[in-house]
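Trainee: Sharing input-v4.txt below, compact mmCIF, C-alpha atoms:
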```
# COMPACT_ATOMS: atom_id res chain seq x y z
CA MET O 1 87.45 143.65 107.40
CA ALA O 2 86.33 146.67 109.28
CA GLN O 3 86.35 146.39 113.04
CA GLU O 4 83.26 147.20 115.07
CA SER O 5 83.52 150.07 117.52
CA PRO O 6 83.07 149.21 121.18
CA LYS O 7 79.47 149.52 122.45
CA ASN O 8 78.65 152.23 124.90
CA SER O 9 75.49 151.34 126.83
CA ALA O 10 75.04 154.86 128.10
CA ALA O 11 75.00 156.39 124.61
CA GLU O 12 73.27 153.56 122.76
CA ILE O 13 70.11 154.37 120.80
CA PRO O 14 68.24 151.13 120.15
CA VAL O 15 66.91 150.59 116.65
CA THR O 16 64.85 147.89 115.03
CA SER O 17 65.98 145.57 112.33
CA ASN O 18 64.58 147.87 109.66
CA GLY O 19 66.48 150.85 110.93
CA GLU O 20 63.69 152.59 112.86
CA VAL O 21 64.17 153.98 116.32
CA ASP O 22 63.03 151.60 119.07
CA ASP O 23 60.54 153.42 121.30
CA SER O 24 59.71 150.48 123.54
CA HIS O 25 60.70 152.52 126.58
CA GLU O 26 58.14 155.14 125.71
CA HIS O 27 55.45 152.49 125.25
CA GLY O 28 56.42 150.94 128.55
CA PHE O 29 55.90 154.31 130.17
CA ASN O 30 52.45 154.59 128.50
CA ARG O 31 51.46 151.16 129.77
CA ASP O 32 52.50 152.00 133.30
CA LEU O 33 50.58 155.25 133.08
CA LYS O 34 47.42 153.51 131.78
CA HIS O 35 47.50 150.86 134.52
CA SER O 36 47.93 153.53 137.17
CA LEU O 37 44.80 155.44 136.08
CA PRO O 38 41.46 154.61 137.81
CA SER O 39 38.70 152.78 135.95
CA GLY O 40 36.72 155.10 133.71
CA LEU O 41 39.59 157.67 133.49
CA GLY O 42 41.77 155.61 131.15
CA LEU O 43 42.89 156.55 127.72
CA SER O 44 40.25 156.32 125.05
CA GLU O 45 42.60 154.37 122.80
CA THR O 46 45.88 152.64 123.55
CA GLN O 47 48.32 151.20 121.03
CA ILE O 48 50.86 148.66 122.26
CA THR O 49 53.65 147.64 119.89
CA SER O 50 55.84 144.65 120.74
CA HIS O 51 59.12 144.05 118.99
CA GLY O 52 61.07 140.87 118.86
CA PHE O 53 64.73 141.15 119.65
CA ASP O 54 65.76 139.36 116.52
CA SER O 55 62.68 139.78 114.38
CA SER O 56 60.97 142.55 112.46
CA LYS O 57 57.43 141.30 113.19
CA GLU O 58 55.13 143.67 115.04
CA GLY O 59 51.84 142.96 116.88
CA VAL O 60 49.23 145.66 117.40
CA VAL O 61 46.39 145.50 119.94
CA GLU O 62 43.81 148.27 119.73
CA ALA O 63 41.25 148.69 122.48
CA GLY O 64 38.44 151.25 122.57
CA ALA O 65 36.53 152.48 125.61
CA PHE O 66 34.72 149.54 127.34
CA GLN O 67 31.02 149.47 126.35
CA GLY O 68 29.82 146.46 128.35
CA GLY O 69 28.99 144.50 125.24
CA GLN O 70 30.16 141.32 123.63
CA ARG O 71 33.80 141.00 122.60
CA THR O 72 34.51 140.05 118.99
CA GLN O 73 37.86 139.68 117.23
CA THR O 74 38.65 140.16 113.55
CA LYS O 75 41.32 138.47 111.51
CA GLY O 76 43.73 141.41 111.67
CA GLY O 77 44.09 141.11 115.40
CA PRO O 78 42.11 144.13 116.70
CA VAL O 79 39.72 143.48 119.61
CA ILE O 80 36.33 145.17 119.09
CA LEU O 81 33.75 145.64 121.82
CA ALA O 82 30.19 145.65 120.41
CA ASP O 83 27.11 146.78 122.33
CA GLU O 84 24.30 144.26 121.64
CA ILE O 85 22.27 144.61 124.85
CA LYS O 86 18.73 145.93 124.30
CA ASN O 87 17.53 148.74 126.48
CA PRO O 88 14.39 147.65 128.49
CA ALA O 89 13.29 151.26 128.85
CA MET O 90 13.20 151.70 125.09
CA GLU O 91 11.18 148.49 124.69
CA LYS O 92 8.63 149.68 127.25
CA LEU O 93 8.46 153.06 125.58
CA GLU O 94 7.76 151.39 122.25
CA LEU O 95 4.98 149.27 123.79
CA VAL O 96 3.41 152.37 125.31
CA ARG O 97 3.60 154.14 121.97
CA LYS O 98 1.86 151.27 120.15
CA TRP O 99 -0.80 151.00 122.86
CA SER O 100 -1.46 154.75 122.75
CA LEU O 101 -1.77 154.73 118.96
CA ASN O 102 -4.15 151.75 119.03
CA THR O 103 -6.26 153.34 121.79
CA TYR O 104 -6.48 156.59 119.86
CA LYS O 105 -7.63 154.85 116.69
CA CYS O 106 -10.25 152.77 118.54
CA THR O 107 -11.55 155.79 120.48
CA ARG O 108 -11.86 157.78 117.28
CA GLN O 109 -13.77 154.89 115.66
CA ILE O 110 -16.20 154.59 118.61
CA ILE O 111 -16.90 158.35 118.64
CA SER O 112 -17.44 158.46 114.89
CA GLU O 113 -19.87 155.53 115.11
CA LYS O 114 -21.86 157.19 117.89
CA LEU O 115 -22.01 160.44 115.93
CA GLY O 116 -23.15 158.58 112.82
CA ARG O 117 -20.14 159.57 110.75
CA GLY O 118 -18.25 156.29 110.70
CA SER O 119 -19.17 152.91 109.24
CA ARG O 120 -19.11 149.67 111.22
CA THR O 121 -18.94 146.03 110.23
CA VAL O 122 -22.13 144.18 111.16
CA ASP O 123 -22.91 140.46 111.13
CA LEU O 124 -26.71 140.56 111.30
CA GLU O 125 -27.20 136.91 112.24
CA LEU O 126 -24.52 136.91 114.92
CA GLU O 127 -25.63 140.26 116.36
CA ALA O 128 -29.20 138.96 116.65
CA GLN O 129 -28.01 135.89 118.57
CA ILE O 130 -25.96 138.05 120.92
CA ASP O 131 -28.95 140.34 121.62
CA ILE O 132 -31.15 137.32 122.39
CA LEU O 133 -28.50 135.92 124.73
CA ARG O 134 -28.24 139.17 126.69
CA ASP O 135 -32.02 139.45 126.95
CA ASN O 136 -32.32 135.85 128.14
CA LYS O 137 -29.59 136.42 130.72
CA LYS O 138 -31.62 139.24 132.28
CA LYS O 139 -34.73 137.04 132.40
CA TYR O 140 -32.83 134.12 133.92
CA GLU O 141 -31.37 136.44 136.55
CA ASN O 142 -34.92 137.51 137.45
CA ILE O 143 -36.02 133.86 137.77
CA LEU O 144 -32.97 133.18 139.93
CA LYS O 145 -33.79 136.11 142.20
CA LEU O 146 -37.42 135.01 142.62
CA ALA O 147 -36.39 131.41 143.31
CA GLN O 148 -33.99 132.59 146.00
CA THR O 149 -36.81 134.64 147.57
CA LEU O 150 -39.07 131.57 147.51
CA SER O 151 -36.35 129.47 149.13
CA THR O 152 -35.90 132.03 151.92
CA GLN O 153 -39.63 132.24 152.59
CA LEU O 154 -40.05 128.46 152.50
CA PHE O 155 -37.18 128.06 154.96
CA GLN O 156 -38.86 130.48 157.37
CA MET O 157 -42.19 128.66 156.98
CA VAL O 158 -40.60 125.25 157.63
CA HIS O 159 -38.87 126.63 160.70
CA THR O 160 -42.18 128.01 161.98
CA GLN O 161 -43.99 124.71 161.31
CA ARG O 162 -41.34 122.78 163.19
CA GLN O 163 -41.67 125.09 166.20
CA LEU O 164 -45.46 124.89 166.00
CA GLY O 165 -45.32 121.08 165.93
CA ASP O 166 -43.10 121.03 169.01
CA ALA O 167 -45.53 123.36 170.81
CA PHE O 168 -48.53 121.14 169.96
CA ALA O 169 -46.64 118.05 171.10
CA ASP O 170 -45.81 119.69 174.43
CA LEU O 171 -49.43 120.68 175.02
CA SER O 172 -50.56 117.19 174.06
CA LEU O 173 -48.61 115.80 176.98
CA LYS O 174 -49.80 118.41 179.48
CA SER O 175 -53.49 118.66 178.46
CA LEU O 176 -55.14 115.30 179.05
CA GLU O 177 -58.59 116.42 177.89
CA LEU O 178 -57.13 117.70 174.54
CA HIS O 179 -54.42 115.10 174.20
CA GLU O 180 -55.62 113.68 170.87
CA GLU O 181 -56.41 117.05 169.25
CA PHE O 182 -52.99 118.50 170.09
CA GLY O 183 -51.37 115.26 169.00
CA TYR O 184 -53.03 115.33 165.53
CA ASN O 185 -51.92 118.90 164.95
CA ALA O 186 -48.40 118.14 166.14
CA ASP O 187 -48.09 115.24 163.70
CA THR O 188 -49.47 117.33 160.83
CA GLN O 189 -47.07 120.21 161.40
CA LYS O 190 -44.10 117.87 161.70
CA LEU O 191 -45.10 116.15 158.45
CA LEU O 192 -45.44 119.50 156.68
CA ALA O 193 -42.06 120.58 158.01
CA LYS O 194 -40.49 117.35 156.75
CA ASN O 195 -42.03 117.75 153.30
CA GLY O 196 -41.02 121.39 153.28
CA GLU O 197 -37.40 120.43 153.92
CA THR O 198 -37.58 118.01 150.99
CA LEU O 199 -39.05 120.71 148.75
CA LEU O 200 -36.44 123.17 150.00
CA GLY O 201 -33.68 120.80 148.91
CA ALA O 202 -35.22 120.57 145.43
CA ILE O 203 -35.52 124.36 145.13
CA ASN O 204 -31.97 124.93 146.30
CA PHE O 205 -30.73 122.41 143.72
CA PHE O 206 -32.68 124.27 141.04
CA ILE O 207 -31.14 127.58 142.19
CA ALA O 208 -27.61 126.16 142.09
CA SER O 209 -28.06 124.82 138.56
CA VAL O 210 -29.55 128.05 137.20
CA ASN O 211 -26.87 130.09 138.97
CA THR O 212 -24.14 128.02 137.30
CA LEU O 213 -25.79 128.49 133.93
CA VAL O 214 -26.25 132.26 134.30
CA ASN O 215 -23.15 133.38 136.17
CA LYS O 216 -20.60 130.94 134.74
CA THR O 217 -21.64 129.44 131.40
CA ILE O 218 -23.46 132.44 129.93
CA GLU O 219 -21.02 134.91 131.50
CA ASP O 220 -18.08 133.07 129.93
CA THR O 221 -19.75 133.34 126.51
CA LEU O 222 -20.43 137.05 127.04
CA MET O 223 -16.74 137.59 127.87
CA THR O 224 -15.89 136.10 124.48
CA VAL O 225 -18.52 138.40 122.93
CA LYS O 226 -16.78 141.42 124.52
CA GLN O 227 -13.47 140.31 123.03
CA TYR O 228 -15.18 139.91 119.67
CA GLU O 229 -16.63 143.43 119.87
CA SER O 230 -13.20 144.87 120.76
CA ALA O 231 -11.67 143.06 117.79
CA ARG O 232 -14.44 144.43 115.57
CA ILE O 233 -13.72 148.01 116.67
CA GLU O 234 -9.99 147.58 116.03
CA TYR O 235 -10.71 146.05 112.63
CA ASP O 236 -12.98 148.94 111.62
CA ALA O 237 -10.51 151.51 112.95
CA TYR O 238 -7.62 150.19 110.87
CA ARG O 239 -9.92 149.65 107.89
CA THR O 240 -10.96 153.29 108.03
CA ASP O 241 -7.33 154.36 108.36
CA LEU O 242 -6.37 152.33 105.27
CA GLU O 243 -9.28 153.72 103.26
CA GLU O 244 -8.23 157.29 104.09
CA LEU O 245 -4.66 156.61 102.98
CA ASN O 246 -5.83 155.01 99.73
CA LEU O 247 -7.87 158.11 98.91
CA GLY O 248 -4.82 160.35 99.25
CA PRO O 249 -1.88 160.80 96.88
CA ARG O 250 0.57 158.00 96.20
CA ASP O 251 4.21 159.03 96.30
CA ALA O 252 7.49 157.98 97.87
CA ASN O 253 6.38 159.29 101.28
CA THR O 254 2.89 157.76 101.39
CA LEU O 255 3.59 154.34 99.85
CA PRO O 256 5.47 153.01 102.95
CA LYS O 257 2.63 154.24 105.17
CA ILE O 258 0.04 152.54 102.95
CA GLU O 259 2.02 149.30 102.99
CA GLN O 260 2.32 149.39 106.79
CA SER O 261 -1.38 150.22 107.16
CA GLN O 262 -2.26 147.33 104.85
CA HIS O 263 -0.21 144.97 107.00
CA LEU O 264 -1.87 146.15 110.22
CA PHE O 265 -5.31 145.95 108.63
CA GLN O 266 -4.72 142.36 107.52
CA ALA O 267 -3.55 141.35 111.01
CA HIS O 268 -6.64 142.84 112.69
CA LYS O 269 -8.90 141.31 110.05
CA GLU O 270 -7.55 137.84 110.86
CA LYS O 271 -8.09 138.51 114.57
CA TYR O 272 -11.65 139.68 113.93
CA ASP O 273 -12.48 136.62 111.81
CA LYS O 274 -11.08 134.31 114.49
CA MET O 275 -13.09 135.96 117.28
CA ARG O 276 -16.26 135.88 115.19
CA ASN O 277 -15.80 132.16 114.62
CA ASP O 278 -15.15 131.58 118.35
CA VAL O 279 -18.34 133.43 119.30
CA SER O 280 -20.42 131.44 116.81
CA ILE O 281 -19.11 128.14 118.19
CA LYS O 282 -19.66 129.16 121.81
CA LEU O 283 -23.20 130.35 121.12
CA LYS O 284 -24.02 127.03 119.48
CA PHE O 285 -22.68 124.97 122.38
CA LEU O 286 -24.30 127.29 124.91
CA GLU O 287 -27.73 126.86 123.32
CA GLU O 288 -27.43 123.06 123.39
CA ASN O 289 -26.24 123.03 127.00
CA LYS O 290 -28.90 125.52 128.10
CA VAL O 291 -31.74 123.44 126.65
CA LYS O 292 -30.53 120.26 128.38
CA VAL O 293 -29.97 121.90 131.76
CA LEU O 294 -33.18 123.94 131.88
CA HIS O 295 -35.32 121.08 130.54
CA ASN O 296 -34.36 118.76 133.39
CA GLN O 297 -34.41 121.43 136.08
CA LEU O 298 -37.81 122.86 135.09
CA VAL O 299 -39.47 119.43 134.95
CA LEU O 300 -38.04 118.42 138.31
CA PHE O 301 -38.96 121.77 139.87
CA HIS O 302 -42.53 121.37 138.65
CA ASN O 303 -42.82 117.81 139.96
CA ALA O 304 -41.49 118.80 143.38
CA ILE O 305 -43.90 121.74 143.76
CA ALA O 306 -46.88 119.68 142.55
CA ALA O 307 -46.10 116.76 144.88
CA TYR O 308 -45.62 119.05 147.87
CA PHE O 309 -48.94 120.89 147.53
CA ALA O 310 -50.74 117.65 146.67
CA GLY O 311 -49.51 116.15 149.92
CA ASN O 312 -47.91 113.22 148.09
CA GLN O 313 -44.92 112.50 150.25
CA LYS O 314 -43.69 109.48 148.30
CA GLN O 315 -43.79 111.35 145.01
CA LEU O 316 -41.96 114.27 146.56
CA GLU O 317 -39.18 112.03 147.85
CA GLN O 318 -38.96 110.30 144.49
CA THR O 319 -38.68 113.67 142.76
CA LEU O 320 -35.82 114.68 145.02
CA LYS O 321 -33.94 111.51 144.12
CA GLN O 322 -34.34 112.34 140.44
CA PHE O 323 -32.23 115.45 140.90
CA HIS O 324 -29.20 113.18 140.97
CA ILE O 325 -30.11 110.93 138.02
CA LYS O 326 -31.27 111.40 134.45
CA LEU O 327 -34.92 112.18 134.02
CA LYS O 328 -36.88 109.52 132.13
CA THR O 329 -39.24 111.14 129.66
CA PRO O 330 -41.68 109.48 127.26
CA GLY O 331 -40.29 108.69 123.84
CA VAL O 332 -36.70 108.39 125.07
CA ASP O 333 -34.98 105.02 124.87
CA ALA O 334 -34.10 103.35 128.13
CA PRO O 335 -30.45 103.67 129.18
CA SER O 336 -28.14 100.81 128.40
CA TRP O 337 -26.89 98.42 131.05
CA LEU O 338 -23.52 100.21 130.98
CA GLU O 339 -25.14 103.57 131.85
CA GLU O 340 -27.13 101.95 134.66
CA GLN O 341 -23.93 100.63 136.17
```
Can you turn what I pasted into structure tokens?
Mentor:
Amino acid sequence: MAQESPKNSAAEIPVTSNGEVDDSHEHGFNRDLKHSLPSGLGLSETQITSHGFDSSKEGVVEAGAFQGGQRTQTKGGPVILADEIKNPAMEKLELVRKWSLNTYKCTRQIISEKLGRGSRTVDLELEAQIDILRDNKKKYENILKLAQTLSTQLFQMVHTQRQLGDAFADLSLKSLELHEEFGYNADTQKLLAKNGETLLGAINFFIASVNTLVNKTIEDTLMTVKQYESARIEYDAYRTDLEELNLGPRDANTLPKIEQSQHLFQAHKEKYDKMRNDVSIKLKFLEENKVKVLHNQLVLFHNAIAAYFAGNQKQLEQTLKQFHIKLKTPGVDAPSWLEEQ
């Protein structure tokens, strides 16, 4: 049996179990060097090899430059850093690009329609209803303006009658020879002022109801009409774009564009159909509501004016009360006991 030579630690070259030179000291130096470097100035790639003293197994850990993403690990042991964070600036840039492209197409469609070169989609029945609504809105606004003028003038007249009544009453007390004459005039002016205040309340109620109808109900419907018209322009713009592509050649370059244009056209067509349906429903409900509101308000306004100038104080007061209840008209069934409660 051969004898082993004595070990010399100073001249010993460590080797692994498979006969390779052990360079763990060099790797230890690399690790110390990497830890000593500041953040951001480290090595782009570091390989660390660990060796068991009595085993030939090796473990490898590979690390790339830190990207700030999510860490994932594969079966082989490497650690991979993946960047999955979306850039907000790129998303905003994409939104701006889509908005600019859509604005360009719609502007081109509007200009071509005004110049008579482009075609537009028209719903004759719906367009006629919209034109009537806009015309009626202008007329209702004129009625509202005149009613407000009448209310202002009536208020000034009532104020003057009240002051005139007070002046007659004061002279009635100081002029004994004309006591009765001044007294009659004082009572008449005070009665007219009282009836005028009642009529003023009826007119102001009429103004408030018409103002709600014109500036809220009708205006809300017209806002939906504006959205419908915008959807119609977008629909026609993308329809025209698709028609132009279909007239051109069909090859590997144009087919993806045609497919994308077809998809955009279908999306805007669905939006246009939805807005057209919404406008039709709102116009129907608006017409029903308008008839009910204006029917009651016009009848009550007429009754108040007629009672005031006829000098019928009881009828005028009764008319004012009817502004807060349903108007009973001939041919309409009486309300049930539940409605009266």
Trainee: Need to verify the contact set: segment 135-149 of chain O, 10 Å, only C-alpha atoms, exclusion of same-chain residues closer than 3 positions in sequence. Can you return it as number ranges by chain?
Mentor: O: 129-132, 152-155, 203-204, 206-211, 213-215, 218-219, 222
Trainee: In Å, with one decimal, what is the gap from atom CA of Asp241 of chain O to atom CA of Asp273 of chain O?
Mentor: 18.8 Å
Trainee: My list of candidates is O:Thr107, O:Asn195, O:Thr160, O:Ser112. Which is closest to Phe309 of chain O when distances are computed with all atoms listed in the file?
Mentor: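 So, comparing all the options, the nearest one is O:Asn195.
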Trainee: For atom CA of Tyr235 of chain O and atom CA of Gln266 of chain O, determine how far apart the two atoms are, in Å to one decimal place.
Mentor: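 These atoms are spaced 8.7 Å apart.
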Trainee: Which one is closest to Leu300 of chain O: O:Leu320, O:Leu171, O:Leu126, O:Ala252? Count all atoms listed in the file.
Mentor: O:Leu320
Trainee: Please compute the atom CA of Lys98 of chain O-atom CA of Thr224 of chain O distance, one decimal, in Å.
Mentor: 23.7 Å
Trainee: Please determine, counting only C-alpha atoms, which residue among O:Lys114, O:His268, O:Arg250, O:Arg162 has the shortest atom-to-atom distance to Asn102 of chain O.
Mentor: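 Closest candidate: O:His268.
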